[in-house]
$ cat coords-v6.tsv   # TSV, C-alpha atoms
chain	number	residue	atom	x	y	z
E	1352	MET	CA	5.11	-9.72	-12.81
E	1353	LYS	CA	1.70	-10.79	-14.07
E	1354	LYS	CA	-0.65	-7.88	-14.80
E	1355	ILE	CA	-4.18	-8.37	-13.50
E	1356	TYR	CA	-6.89	-6.02	-14.75
E	1357	ILE	CA	-10.16	-5.78	-12.81
E	1358	CYS	CA	-13.21	-3.92	-14.15
E	1359	THR	CA	-16.65	-3.24	-12.78
E	1360	VAL	CA	-19.28	-3.79	-15.48
E	1361	GLY	CA	-22.45	-1.77	-16.08
E	1362	THR	CA	-25.61	-2.49	-18.03
E	1363	GLY	CA	-24.84	-2.03	-21.68
E	1364	THR	CA	-25.51	0.81	-24.09
E	1365	ALA	CA	-25.67	4.18	-22.39
E	1366	GLY	CA	-26.84	6.08	-25.47
E	1367	LYS	CA	-26.73	6.05	-29.27
E	1368	HIS	CA	-23.16	7.40	-29.25
E	1369	SER	CA	-21.73	5.18	-26.48
E	1370	ASN	CA	-21.42	1.52	-25.66
E	1371	VAL	CA	-20.17	0.28	-22.27
E	1372	ALA	CA	-18.75	-2.97	-23.63
E	1373	GLU	CA	-16.74	-1.17	-26.30
E	1374	GLY	CA	-15.39	1.28	-23.71
E	1375	ILE	CA	-14.15	-1.49	-21.42
E	1376	MET	CA	-12.66	-3.44	-24.34
E	1377	ALA	CA	-10.80	-0.28	-25.38
E	1378	ALA	CA	-9.37	-0.03	-21.85
E	1379	VAL	CA	-8.29	-3.68	-21.96
E	1380	ARG	CA	-6.60	-3.22	-25.35
E	1381	PHE	CA	-4.73	-0.24	-23.92
E	1382	ALA	CA	-3.74	-2.08	-20.69
E	1383	GLN	CA	-2.68	-5.35	-22.35
E	1384	PRO	CA	-3.10	-7.39	-19.12
E	1385	ASP	CA	-2.29	-11.06	-18.60
E	1386	PHE	CA	-5.61	-11.65	-16.90
E	1387	LEU	CA	-8.93	-9.78	-16.95
E	1388	LEU	CA	-11.45	-10.12	-14.13
E	1389	LEU	CA	-14.89	-8.68	-14.84
E	1390	LEU	CA	-17.21	-7.71	-11.98
E	1391	PRO	CA	-20.79	-7.30	-13.26
E	1392	SER	CA	-23.96	-7.19	-11.21
E	1393	THR	CA	-26.39	-10.10	-11.45
E	1394	SER	CA	-28.80	-8.16	-13.69
E	1395	GLU	CA	-29.33	-9.67	-17.15
E	1396	ASP	CA	-28.05	-6.58	-18.93
E	1397	SER	CA	-24.86	-6.44	-16.87
E	1398	VAL	CA	-24.21	-10.17	-17.33
E	1399	ALA	CA	-24.74	-9.81	-21.09
E	1400	VAL	CA	-22.20	-6.98	-21.26
E	1401	ALA	CA	-19.62	-9.05	-19.35
E	1402	GLN	CA	-20.10	-11.96	-21.75
E	1403	LEU	CA	-19.71	-9.63	-24.72
E	1404	ILE	CA	-16.46	-8.26	-23.28
E	1405	GLU	CA	-15.11	-11.78	-22.68
E	1406	GLU	CA	-15.69	-12.61	-26.34
E	1407	GLY	CA	-14.10	-9.35	-27.44
E	1408	VAL	CA	-10.82	-9.79	-25.52
E	1409	VAL	CA	-10.23	-13.48	-26.19
E	1410	ASN	CA	-7.19	-12.64	-28.33
E	1411	ILE	CA	-5.73	-10.28	-25.74
E	1412	CYS	CA	-5.82	-12.12	-22.43
E	1413	ARG	CA	-7.45	-14.78	-20.32
E	1414	SER	CA	-10.62	-13.57	-18.58
E	1415	GLU	CA	-13.06	-14.54	-15.88
E	1416	VAL	CA	-16.35	-13.21	-14.49
E	1417	MET	CA	-17.30	-12.83	-10.82
E	1418	TYR	CA	-20.73	-11.49	-9.96
E	1419	LEU	CA	-21.57	-8.79	-7.42
E	1420	LYS	CA	-24.82	-10.00	-5.89
E	1421	ASN	CA	-25.65	-6.91	-3.81
E	1422	HIS	CA	-24.51	-4.33	-6.34
E	1423	ASP	CA	-26.73	-1.57	-4.92
E	1424	ASP	CA	-25.50	-2.10	-1.35
E	1425	LEU	CA	-22.38	0.04	-0.96
E	1426	GLU	CA	-20.90	-1.70	2.10
E	1427	SER	CA	-21.62	-5.22	0.83
E	1428	CYS	CA	-20.14	-4.32	-2.55
E	1429	ARG	CA	-17.06	-2.78	-0.92
E	1430	LYS	CA	-16.45	-5.87	1.20
E	1431	THR	CA	-16.83	-8.25	-1.75
E	1432	ILE	CA	-14.56	-6.25	-4.05
E	1433	ALA	CA	-11.95	-5.82	-1.30
E	1434	GLU	CA	-11.85	-9.60	-0.80
E	1435	ILE	CA	-11.40	-10.07	-4.54
E	1436	LEU	CA	-8.60	-7.49	-4.69
E	1437	TYR	CA	-6.79	-9.04	-1.71
E	1438	SER	CA	-6.99	-12.49	-3.29
E	1439	GLN	CA	-5.68	-11.28	-6.67
E	1440	LYS	CA	-2.71	-9.41	-5.13
E	1441	LYS	CA	-1.12	-12.78	-4.47
E	1442	TYR	CA	-0.83	-13.44	-8.20
E	1443	GLY	CA	0.53	-10.21	-9.59
E	1444	ALA	CA	0.20	-6.44	-9.99
E	1445	VAL	CA	-3.46	-5.47	-9.78
E	1446	TYR	CA	-4.98	-2.63	-11.81
E	1447	LEU	CA	-8.53	-1.51	-11.08
E	1448	ASN	CA	-10.86	0.19	-13.54
E	1449	PRO	CA	-14.04	1.19	-11.66
E	1450	THR	CA	-15.50	3.38	-14.44
E	1451	SER	CA	-18.52	1.23	-15.27
E	1452	GLY	CA	-21.27	-0.16	-13.05
E	1453	THR	CA	-23.73	1.46	-10.67
E	1454	LYS	CA	-22.63	4.47	-8.64
E	1455	GLN	CA	-22.51	2.20	-5.60
E	1456	MET	CA	-20.25	-0.25	-7.47
E	1457	THR	CA	-17.85	2.50	-8.56
E	1458	THR	CA	-17.68	4.07	-5.10
E	1459	ALA	CA	-17.31	0.67	-3.44
E	1460	ALA	CA	-14.54	-0.32	-5.86
E	1461	VAL	CA	-12.47	2.80	-5.11
E	1462	LEU	CA	-12.92	2.37	-1.34
E	1463	ALA	CA	-12.03	-1.30	-1.65
E	1464	ALA	CA	-8.89	-0.37	-3.59
E	1465	LEU	CA	-7.78	1.85	-0.70
E	1466	ASP	CA	-8.62	-0.95	1.76
E	1467	ALA	CA	-6.55	-3.46	-0.21
E	1468	GLU	CA	-3.85	-0.87	-1.01
E	1469	ILE	CA	-4.21	-1.13	-4.77
E	1470	GLU	CA	-2.12	1.73	-6.08
E	1471	ASN	CA	-3.06	1.53	-9.77
E	1472	ILE	CA	-6.53	2.86	-10.64
E	1473	GLU	CA	-7.58	3.64	-14.22
E	1474	TYR	CA	-10.59	5.46	-15.63
E	1475	ILE	CA	-12.10	5.58	-19.09
E	1476	THR	CA	-12.29	9.19	-20.26
E	1477	GLY	CA	-12.70	11.01	-23.55
E	1478	PRO	CA	-15.01	13.38	-25.39
E	1479	ARG	CA	-18.67	13.07	-24.46
E	1480	LYS	CA	-21.95	13.24	-26.29
E	1481	ASP	CA	-25.24	13.46	-24.41
E	1482	GLY	CA	-23.26	13.12	-21.18
E	1483	VAL	CA	-21.47	9.85	-22.09
E	1484	ILE	CA	-18.09	9.03	-23.62
E	1485	ILE	CA	-18.26	8.51	-27.39
E	1486	THR	CA	-17.45	4.96	-28.47
E	1487	GLY	CA	-14.20	4.79	-30.42
E	1488	LYS	CA	-12.81	7.94	-28.79
E	1489	GLU	CA	-12.07	6.47	-25.37
E	1490	GLN	CA	-8.95	7.51	-23.50
E	1491	ILE	CA	-7.43	6.05	-20.34
E	1492	SER	CA	-6.67	8.23	-17.33
E	1493	THR	CA	-4.34	6.71	-14.74
E	1494	LEU	CA	-4.39	7.51	-11.03
E	1495	ASN	CA	-1.67	6.36	-8.64
E	1496	ALA	CA	-3.49	5.94	-5.33
E	1497	ARG	CA	-0.30	5.51	-3.30
E	1498	LYS	CA	-0.55	9.01	-1.81
E	1499	PHE	CA	-4.15	8.37	-0.73
E	1500	ILE	CA	-3.05	5.13	0.93
E	1501	ALA	CA	-0.18	6.96	2.61
E	1502	GLU	CA	-2.59	9.61	3.91
E	1503	LYS	CA	-4.71	6.89	5.47
E	1504	TYR	CA	-1.66	5.60	7.32
E	1505	LYS	CA	-0.49	9.09	8.26
E	1506	PHE	CA	-3.56	9.68	10.43
E	1507	GLN	CA	-3.11	6.27	12.05
E	1508	VAL	CA	0.56	7.03	12.67
E	1509	MET	CA	-0.28	10.28	14.42
E	1510	GLU	CA	-2.72	8.50	16.73
E	1511	LEU	CA	-0.12	5.81	17.49
E	1512	ILE	CA	2.48	8.44	18.41
E	1513	ARG	CA	0.00	10.17	20.71
E	1514	ALA	CA	-0.89	6.82	22.27
E	1515	ASN	CA	2.76	6.04	23.14
E	1516	SER	CA	3.11	3.47	20.35
E	1517	ALA	CA	5.76	5.21	18.27
E	1518	GLY	CA	7.45	1.89	17.45
E	1519	ALA	CA	4.31	0.69	15.65
E	1520	ALA	CA	4.03	4.11	13.98
E	1521	VAL	CA	7.55	3.76	12.56
E	1522	ARG	CA	6.73	0.41	10.96
E	1523	LEU	CA	3.44	1.70	9.54
E	1524	ILE	CA	4.80	4.84	7.87
E	1525	LYS	CA	8.17	3.47	6.71
E	1526	PRO	CA	6.95	2.33	3.24
E	1527	TYR	CA	5.64	5.87	2.65
E	1528	SER	CA	8.53	7.86	4.10
E	1529	ASP	CA	9.22	9.31	0.65
E	1530	ILE	CA	5.74	10.88	0.63
E	1531	PHE	CA	5.67	11.97	4.28
E	1532	PRO	CA	9.32	12.24	5.39
E	1533	GLU	CA	8.59	14.52	8.35
E	1534	THR	CA	5.90	12.20	9.70
E	1535	ALA	CA	8.28	9.26	9.38
E	1536	GLY	CA	11.06	11.29	11.01
E	1537	ALA	CA	8.78	12.34	13.86
E	1538	ALA	CA	7.67	8.76	14.52
E	1539	GLU	CA	11.26	7.56	14.66
E	1540	MET	CA	12.40	10.52	16.77
E	1541	PHE	CA	9.64	9.95	19.36
E	1542	TYR	CA	10.41	6.21	19.38
E	1543	PHE	CA	14.03	6.79	20.36
E	1544	TRP	CA	13.41	9.87	22.53
E	1545	ARG	CA	10.91	8.12	24.78
E	1546	ARG	CA	13.45	5.35	25.32
E	1547	SER	CA	16.07	7.95	26.31
E	1548	ASP	CA	18.14	7.03	23.25
E	1549	TYR	CA	18.98	10.66	22.61
E	1550	ASN	CA	21.72	10.05	20.07
E	1551	ASN	CA	19.47	8.12	17.68
E	1552	ALA	CA	16.57	10.48	18.36
E	1553	LEU	CA	18.79	13.36	17.28
E	1554	LYS	CA	19.74	11.51	14.09
E	1555	SER	CA	16.06	10.87	13.35
E	1556	ALA	CA	15.32	14.59	13.74
E	1557	GLY	CA	17.52	15.01	10.69
E	1558	ASP	CA	17.77	18.44	9.10
E	1559	PHE	CA	14.07	19.22	8.74
E	1560	THR	CA	13.31	22.92	8.70
E	1561	GLY	CA	10.83	24.60	10.98
E	1562	SER	CA	11.11	26.04	14.47
E	1563	GLU	CA	9.68	22.95	16.19
E	1564	TRP	CA	12.33	20.71	14.62
E	1565	LYS	CA	15.09	23.15	15.55
E	1566	LYS	CA	13.84	23.31	19.12
E	1567	SER	CA	13.68	19.51	19.27
E	1568	ARG	CA	17.25	19.11	18.06
E	1569	LYS	CA	18.45	21.66	20.63
E	1570	ILE	CA	16.73	19.80	23.50
E	1571	LEU	CA	17.97	16.41	22.31
E	1572	ALA	CA	21.54	17.69	21.97
E	1573	GLU	CA	21.40	18.97	25.55
E	1574	LEU	CA	20.02	15.67	26.82
E	1575	ARG	CA	22.61	13.68	24.85
E	1576	ASN	CA	25.45	15.84	26.12
E	1577	ALA	CA	24.42	15.67	29.79
E	1578	GLU	CA	27.47	14.79	31.89
E	1579	SER	CA	25.78	11.65	33.27
E	1580	SER	CA	22.41	9.92	33.47
E	1581	ILE	CA	22.02	11.24	37.04
E	1582	ASN	CA	21.20	14.76	35.97
E	1583	LEU	CA	18.22	17.03	36.60
E	1584	ILE	CA	17.41	17.52	32.92
E	1585	ILE	CA	17.43	13.74	32.38
E	1586	ILE	CA	15.09	13.31	35.36
E	1587	ILE	CA	12.73	15.93	33.93
E	1588	ASP	CA	12.77	14.31	30.49
E	1589	ILE	CA	11.90	10.91	31.95
E	1590	LEU	CA	9.23	12.62	34.05
E	1591	ASN	CA	7.67	13.78	30.78
E	1592	TYR	CA	7.51	10.13	29.75
E	1593	ALA	CA	5.80	9.22	33.03
E	1594	GLU	CA	3.22	11.93	32.32
E	1595	LEU	CA	2.63	10.49	28.85
E	1596	CYS	CA	2.14	6.99	30.30
E	1597	ILE	CA	-0.46	8.36	32.70
E	1598	LYS	CA	-2.31	10.18	29.91
E	1599	CYS	CA	-2.37	6.95	27.90
E	1600	GLY	CA	-3.58	4.92	30.88
E	1601	ASP	CA	-0.38	2.85	31.15
E	1602	ALA	CA	-0.55	2.78	34.95
E	1603	GLU	CA	1.98	0.00	35.63
E	1604	GLU	CA	4.61	1.49	33.34
E	1605	ALA	CA	4.05	4.95	34.79
E	1606	LEU	CA	4.56	3.55	38.29
E	1607	ALA	CA	7.76	1.78	37.24
E	1608	VAL	CA	9.07	5.04	35.77
E	1609	LEU	CA	8.18	7.02	38.93
E	1610	TYR	CA	9.89	4.36	41.06
E	1611	ARG	CA	13.05	4.84	39.03
E	1612	LEU	CA	12.70	8.65	39.17
E	1613	VAL	CA	12.53	8.71	42.97
E	1614	GLU	CA	15.72	6.64	43.05
E	1615	MET	CA	17.40	8.93	40.50
E	1616	SER	CA	16.41	12.00	42.53
E	1617	ALA	CA	17.95	10.52	45.67
E	1618	LYS	CA	21.12	9.70	43.78
E	1619	LEU	CA	21.25	13.20	42.33
E	1620	ARG	CA	21.16	14.68	45.84
E	1621	LEU	CA	23.91	12.25	46.93
E	1622	LYS	CA	25.92	13.24	43.85
E	1623	GLU	CA	25.63	16.88	44.92
E	1624	MET	CA	27.10	15.76	48.25
E	1625	ALA	CA	30.13	14.26	46.40
E	1626	ILE	CA	28.74	10.69	46.54
E	1627	ASP	CA	28.76	9.21	43.05
E	1628	CYS	CA	26.46	6.22	43.45
E	1629	ASP	CA	27.30	4.77	40.04
E	1630	ASN	CA	31.06	4.72	40.67
E	1631	LEU	CA	31.53	3.58	44.26
E	1632	ASN	CA	34.32	1.18	45.20
E	1633	ASN	CA	33.85	1.70	48.93
E	1634	PHE	CA	31.39	3.49	51.20
E	1635	ALA	CA	33.83	5.95	52.78
E	1636	ALA	CA	32.24	8.87	50.90
E	1637	VAL	CA	28.93	7.90	52.50
E	1638	THR	CA	29.92	7.02	56.04
E	1639	GLY	CA	32.46	9.85	56.27
E	1640	ASN	CA	30.22	12.61	54.93
E	1641	PRO	CA	29.81	15.29	57.67
E	1642	SER	CA	26.40	16.33	56.35
E	1643	LEU	CA	24.93	12.88	56.92
E	1644	CYS	CA	23.77	11.35	60.16
E	1645	ILE	CA	23.55	7.70	59.21
E	1646	SER	CA	21.73	5.24	61.48
E	1647	GLN	CA	23.47	2.18	62.82
E	1648	SER	CA	21.18	-0.14	60.84
E	1649	VAL	CA	22.18	1.57	57.59
E	1650	ARG	CA	25.87	1.42	58.55
E	1651	THR	CA	25.48	-2.31	59.20
E	1652	GLN	CA	23.90	-2.78	55.76
E	1653	LEU	CA	26.69	-0.84	54.10
E	1654	GLN	CA	29.33	-2.87	55.93
E	1655	ALA	CA	27.71	-6.15	54.87
E	1656	MET	CA	27.57	-4.97	51.26
E	1657	GLU	CA	31.19	-3.84	51.41
E	1658	ASN	CA	32.25	-7.25	52.66
E	1659	HIS	CA	30.74	-8.74	49.51
E	1660	ARG	CA	32.11	-5.94	47.29
E	1661	ASN	CA	28.58	-4.90	46.44
E	1662	TYR	CA	28.39	-1.11	46.14
E	1663	HIS	CA	24.93	-0.76	44.63
E	1664	LEU	CA	22.61	1.71	46.32
E	1665	GLY	CA	18.96	1.04	45.50
E	1666	LEU	CA	15.88	3.14	46.12
E	1667	ARG	CA	15.29	2.43	49.80
E	1668	LEU	CA	18.94	2.53	50.88
E	1669	SER	CA	19.58	5.79	49.00
E	1670	LEU	CA	16.65	7.40	50.83
E	1671	GLU	CA	17.68	5.86	54.17
E	1672	ILE	CA	21.10	7.48	53.79
E	1673	LEU	CA	19.43	10.86	53.22
E	1674	LYS	CA	16.85	10.47	55.98
E	1675	SER	CA	18.60	12.93	58.32
E	1676	THR	CA	18.76	15.72	55.72
E	1677	ASP	CA	15.05	16.56	55.55
E	1678	PHE	CA	15.12	15.57	51.89
E	1679	ALA	CA	11.62	16.13	50.43
E	1680	PHE	CA	11.58	12.68	48.82
E	1681	CYS	CA	12.28	11.09	52.21
E	1682	ARG	CA	9.42	13.00	53.83
E	1683	ASN	CA	6.91	12.35	51.08
E	1684	PHE	CA	7.85	8.80	50.10
E	1685	LEU	CA	10.02	6.86	52.53
E	1686	LEU	CA	8.35	8.29	55.66
E	1687	ASN	CA	4.84	8.46	54.20
E	1688	LYS	CA	3.32	5.00	54.54
E	1689	LYS	CA	0.58	5.59	51.97
E	1690	ASN	CA	2.86	6.96	49.25
E	1691	TRP	CA	5.58	4.44	50.00
E	1692	GLY	CA	3.05	1.64	49.82
E	1693	ILE	CA	1.86	2.76	46.39
E	1694	LEU	CA	5.46	3.13	45.15
E	1695	GLN	CA	6.29	-0.38	46.34
E	1696	LYS	CA	3.40	-1.82	44.34
E	1697	ARG	CA	5.80	-1.58	41.43
E	1698	ASN	CA	7.50	-4.72	42.77
E	1699	ARG	CA	4.24	-6.66	42.51
E	1700	THR	CA	3.52	-5.65	38.90
E	1701	ARG	CA	5.07	-7.16	35.78
E	1702	TYR	CA	7.84	-4.56	36.12
E	1703	GLY	CA	8.87	-6.18	39.39
E	1704	HIS	CA	8.09	-9.73	40.46
E	1705	GLY	CA	4.35	-10.18	39.96
E	1706	PHE	CA	1.32	-9.42	37.85
E	1707	GLU	CA	-0.75	-7.01	39.92
E	1708	TYR	CA	-2.48	-4.00	38.42
E	1709	VAL	CA	-2.54	-0.48	39.84
E	1710	LYS	CA	-5.11	2.28	39.58
E	1711	ILE	CA	-4.28	5.16	37.28
E	1712	ASP	CA	-5.74	7.73	39.72
E	1713	GLU	CA	-3.35	6.83	42.53
E	1714	ILE	CA	-0.41	6.86	40.10
E	1715	ASN	CA	-1.46	10.30	38.88
E	1716	ASN	CA	-1.52	11.46	42.50
E	1717	LEU	CA	1.95	9.97	43.03
E	1718	TYR	CA	3.15	11.84	39.94
E	1719	ASN	CA	1.89	15.14	41.36
E	1720	ILE	CA	3.65	14.46	44.67
E	1721	PHE	CA	6.87	13.73	42.80
E	1722	CYS	CA	6.61	17.02	40.87
E	1723	SER	CA	6.08	18.92	44.12
E	1724	CYS	CA	9.13	17.27	45.70
E	1725	LEU	CA	11.22	18.08	42.66
E	1726	GLU	CA	10.38	21.78	42.90
E	1727	ASP	CA	11.02	21.77	46.67
E	1728	GLU	CA	14.54	20.40	46.20
E	1729	TRP	CA	15.58	22.03	42.93
E	1730	ALA	CA	14.04	25.46	42.40
E	1731	GLU	CA	15.27	25.53	38.80
E	1732	SER	CA	13.21	22.44	37.94
E	1733	GLY	CA	10.15	24.60	37.14
E	1734	THR	CA	12.04	26.53	34.48
E	1735	LEU	CA	13.63	23.36	33.13
E	1736	ARG	CA	10.24	21.66	32.88
E	1737	GLN	CA	9.06	24.48	30.63
E	1738	LYS	CA	12.15	23.98	28.49
E	1739	ILE	CA	12.52	20.18	28.36
E	1740	LYS	CA	9.32	19.09	26.66
E	1741	TYR	CA	8.27	16.75	23.90
E	1742	PRO	CA	7.61	18.74	20.72
E	1743	ASN	CA	4.16	19.43	19.33
E	1744	LEU	CA	3.47	16.73	16.75
E	1745	GLU	CA	1.16	18.89	14.62
E	1746	LEU	CA	3.77	21.66	14.42
E	1747	LEU	CA	6.50	19.19	13.47
E	1748	ILE	CA	4.62	17.96	10.41
E	1749	GLU	CA	2.69	21.11	9.49
E	1750	ASN	CA	4.47	21.28	6.11
E	1751	GLU	CA	2.90	17.93	5.17
E	1752	LYS	CA	-0.72	18.91	5.82

$ encode --input "coords-v6.tsv" --output "structure tokens"
Amino acid sequence: MKKIYICTVGTGTAGKHSNVAEGIMAAVRFAQPDFLLLLPSTSEDSVAVAQLIEEGVVNICRSEVMYLKNHDDLESCRKTIAEILYSQKKYGAVYLNPTSGTKQMTTAAVLAALDAEIENIEYITGPRKDGVIITGKEQISTLNARKFIAEKYKFQVMELIRANSAGAAVRLIKPYSDIFPETAGAAEMFYFWRRSDYNNALKSAGDFTGSEWKKSRKILAELRNAESSINLIIIIDILNYAELCIKCGDAEEALAVLYRLVEMSAKLRLKEMAIDCDNLNNFAAVTGNPSLCISQSVRTQLQAMENHRNYHLGLRLSLEILKSTDFAFCRNFLLNKKNWGILQKRNRTRYGHGFEYVKIDEINNLYNIFCSCLEDEWAESGTLRQKIKYPNLELLIENEK
């Protein structure tokens, strides 16, 4: 791959023992690049130094000069250098030497390197006299900026995870998973966990040490090993996701999740009454259950479905079947016009058959009602909610701070 060497250029002799041009030429001789790009300011002294360097490296590599017009303006300088670095990355491996130039130029060059993800940064060092490096005794110090670039992404990844965008976090941190393996593992674990893909979430949790990782693996193993998807711990885990959606302002998704959770809760109660909604091949277990007083309209619906060999019980029908049992979800959803109306808005959003929006406040209220119903019907849900939680992100990756 072609080696491209980029240097900021200062204003000539810094003292009787040091010469800027000689220092940069020494760096170029050490680097042996294929192409040298010099970035002087527009001052006469800086331009003269750049020209002197070009003459001095003619037998080493091809060179070119690009001028930094606003060399004392840090932000302007940073933007210009970043654009140059981005453009040169297309042609080969870029090495930046920001040693010379004004303080603004040096600072801007380093910031621009991080912006453009230039990993190779070199500095001219060596013994000094009167505060400057002695000509002829220059040395080259190399800095691999990859860790700094990875740190920049790490903070972005953490924000993405918190904002329910773990999938984007996975893609962002993947190239730096060797530097921050726990952060990469956490991003992937949250990505699968929030999709209820417990098996892959458990794999992503790996064998990282630390109590938060151990606790996460224990929870995920329990969720993965649940006897079926219609299970109280699964409902609570998905409820945690609904809470996250609300915190992130994802009102329509939160409503869609709550809609599904009300249906799952009804099916869990039916399952406890020996009615396995996911494995019905007739409705005898429903119509013959002595604990149920099923209305004629519901019986008619079930008969029509049976005639067509359709044994799917949706949200409304599951609650209609349970209407006579004083089931909390029937009282607070099916028989409550306001709550039922909000729940049914799901069908008019992009998660149903339309494109309507819903207000986050009313979804948050619906969430609280759901939580209350859950505790009314399953007393153990309070204890389980304390147990089945997403892990603390900061504690997961505390070894990488």

$ residues_near_point --input "coords-v6.tsv" --point "(-10.9, -7.2, -14.7)" --cutoff "9 Å" --atoms "only C-alpha atoms" --output "number ranges by chain"
E: 1355-1359, 1379, 1384, 1386-1390, 1414-1416, 1446-1448

$ residues_around --input "coords-v6.tsv" --residues "Cys1628 of chain E" --least-positions-apart "5" --cutoff "10 Å" --atoms "all atoms listed in the file" --output "PyMOL selection string"
chain E and resi 1581+1615+1617-1619+1621-1622+1634+1636-1637+1662-1665+1669

$ closest_residue --input "coords-v6.tsv" --among "E:Asp1548, E:Glu1473, E:Glu1745, E:Glu1671" --to "Ser1580 of chain E" --atoms "all atoms listed in the file"
E:Asp1548

$ closest_atom_pairs --input "coords-v6.tsv" --of "segment 1560-1635 of chain E" --to "segment 1515-1533 of chain E" --cutoff "10 Å" --atoms "only C-alpha atoms" --output "JSON lines"
{"residue": "E:Thr1560", "atom": "CA", "partner": "E:Glu1533", "partner_atom": "CA", "distance": 9.6}
{"residue": "E:Trp1564", "atom": "CA", "partner": "E:Glu1533", "partner_atom": "CA", "distance": 9.6}
{"residue": "E:Tyr1592", "atom": "CA", "partner": "E:Asn1515", "partner_atom": "CA", "distance": 9.1}
{"residue": "E:Leu1595", "atom": "CA", "partner": "E:Asn1515", "partner_atom": "CA", "distance": 7.2}
{"residue": "E:Cys1596", "atom": "CA", "partner": "E:Asn1515", "partner_atom": "CA", "distance": 7.2}
{"residue": "E:Lys1598", "atom": "CA", "partner": "E:Asn1515", "partner_atom": "CA", "distance": 9.4}
{"residue": "E:Cys1599", "atom": "CA", "partner": "E:Asn1515", "partner_atom": "CA", "distance": 7.1}
{"residue": "E:Asp1601", "atom": "CA", "partner": "E:Asn1515", "partner_atom": "CA", "distance": 9.2}

$ closest_residue --input "coords-v6.tsv" --among "E:Lys1441, E:Gln1402, E:Arg1513, E:Thr1450" --to "Ile1375 of chain E" --atoms "only C-alpha atoms"
E:Thr1450

$ atom_distance --input "coords-v6.tsv" --atom1 "atom CA of Asn1687 of chain E" --atom2 "atom CA of Phe1721 of chain E"
12.7 Å

$ residues_around --input "coords-v6.tsv" --residues "Pro1391 of chain E" --least-positions-apart "6" --cutoff "9 Å" --atoms "all atoms listed in the file" --output "CSV table (one decimal) with C-alpha atoms, in the coordinates of the input"
chain,number,residue,atom,x,y,z
E,1358,CYS,CA,-13.2,-3.9,-14.2
E,1359,THR,CA,-16.6,-3.2,-12.8
E,1360,VAL,CA,-19.3,-3.8,-15.5
E,1361,GLY,CA,-22.4,-1.8,-16.1
E,1362,THR,CA,-25.6,-2.5,-18.0
E,1397,SER,CA,-24.9,-6.4,-16.9
E,1398,VAL,CA,-24.2,-10.2,-17.3
E,1400,VAL,CA,-22.2,-7.0,-21.3
E,1401,ALA,CA,-19.6,-9.0,-19.4
E,1416,VAL,CA,-16.4,-13.2,-14.5
E,1417,MET,CA,-17.3,-12.8,-10.8
E,1418,TYR,CA,-20.7,-11.5,-10.0
E,1419,LEU,CA,-21.6,-8.8,-7.4
E,1420,LYS,CA,-24.8,-10.0,-5.9
E,1422,HIS,CA,-24.5,-4.3,-6.3
E,1452,GLY,CA,-21.3,-0.2,-13.0

$ decode --input "coords-v6.tsv" --residues "segment 1612-1623 of chain E" --atoms "N, CA and C atoms" --output "PDB file, in the first residue's frame"
ATOM      1  N   LEU E1612     -48.191  -7.800  25.374  1.00  0.00           N
ATOM      2  CA  LEU E1612     -48.085  -8.250  26.761  1.00  0.00           C
ATOM      3  C   LEU E1612     -49.442  -8.515  27.395  1.00  0.00           C
ATOM      4  N   VAL E1613     -50.436  -7.705  27.063  1.00  0.00           N
ATOM      5  CA  VAL E1613     -51.790  -7.952  27.573  1.00  0.00           C
ATOM      6  C   VAL E1613     -52.292  -9.292  27.033  1.00  0.00           C
ATOM      7  N   GLU E1614     -52.045  -9.539  25.757  1.00  0.00           N
ATOM      8  CA  GLU E1614     -52.445 -10.820  25.158  1.00  0.00           C
ATOM      9  C   GLU E1614     -51.711 -11.982  25.817  1.00  0.00           C
ATOM     10  N   MET E1615     -50.396 -11.826  26.040  1.00  0.00           N
ATOM     11  CA  MET E1615     -49.621 -12.891  26.679  1.00  0.00           C
ATOM     12  C   MET E1615     -50.117 -13.157  28.100  1.00  0.00           C
ATOM     13  N   SER E1616     -50.491 -12.109  28.805  1.00  0.00           N
ATOM     14  CA  SER E1616     -50.988 -12.268  30.175  1.00  0.00           C
ATOM     15  C   SER E1616     -52.298 -13.046  30.189  1.00  0.00           C
ATOM     16  N   ALA E1617     -53.177 -12.742  29.234  1.00  0.00           N
ATOM     17  CA  ALA E1617     -54.440 -13.480  29.139  1.00  0.00           C
ATOM     18  C   ALA E1617     -54.175 -14.949  28.822  1.00  0.00           C
ATOM     19  N   LYS E1618     -53.240 -15.192  27.939  1.00  0.00           N
ATOM     20  CA  LYS E1618     -52.931 -16.570  27.564  1.00  0.00           C
ATOM     21  C   LYS E1618     -52.238 -17.325  28.704  1.00  0.00           C
ATOM     22  N   LEU E1619     -51.486 -16.595  29.521  1.00  0.00           N
ATOM     23  CA  LEU E1619     -50.872 -17.230  30.679  1.00  0.00           C
ATOM     24  C   LEU E1619     -51.949 -17.686  31.663  1.00  0.00           C
ATOM     25  N   ARG E1620     -52.955 -16.831  31.905  1.00  0.00           N
ATOM     26  CA  ARG E1620     -54.033 -17.228  32.793  1.00  0.00           C
ATOM     27  C   ARG E1620     -54.793 -18.426  32.226  1.00  0.00           C
ATOM     28  N   LEU E1621     -55.040 -18.438  30.912  1.00  0.00           N
ATOM     29  CA  LEU E1621     -55.719 -19.573  30.284  1.00  0.00           C
ATOM     30  C   LEU E1621     -54.861 -20.838  30.402  1.00  0.00           C
ATOM     31  N   LYS E1622     -53.561 -20.674  30.249  1.00  0.00           N
ATOM     32  CA  LYS E1622     -52.640 -21.811  30.392  1.00  0.00           C
ATOM     33  C   LYS E1622     -52.731 -22.401  31.795  1.00  0.00           C
ATOM     34  N   GLU E1623     -52.855 -21.530  32.808  1.00  0.00           N
ATOM     35  CA  GLU E1623     -53.002 -21.987  34.185  1.00  0.00           C
ATOM     36  C   GLU E1623     -54.330 -22.712  34.404  1.00  0.00           C
TER      37      GLU E1623
END
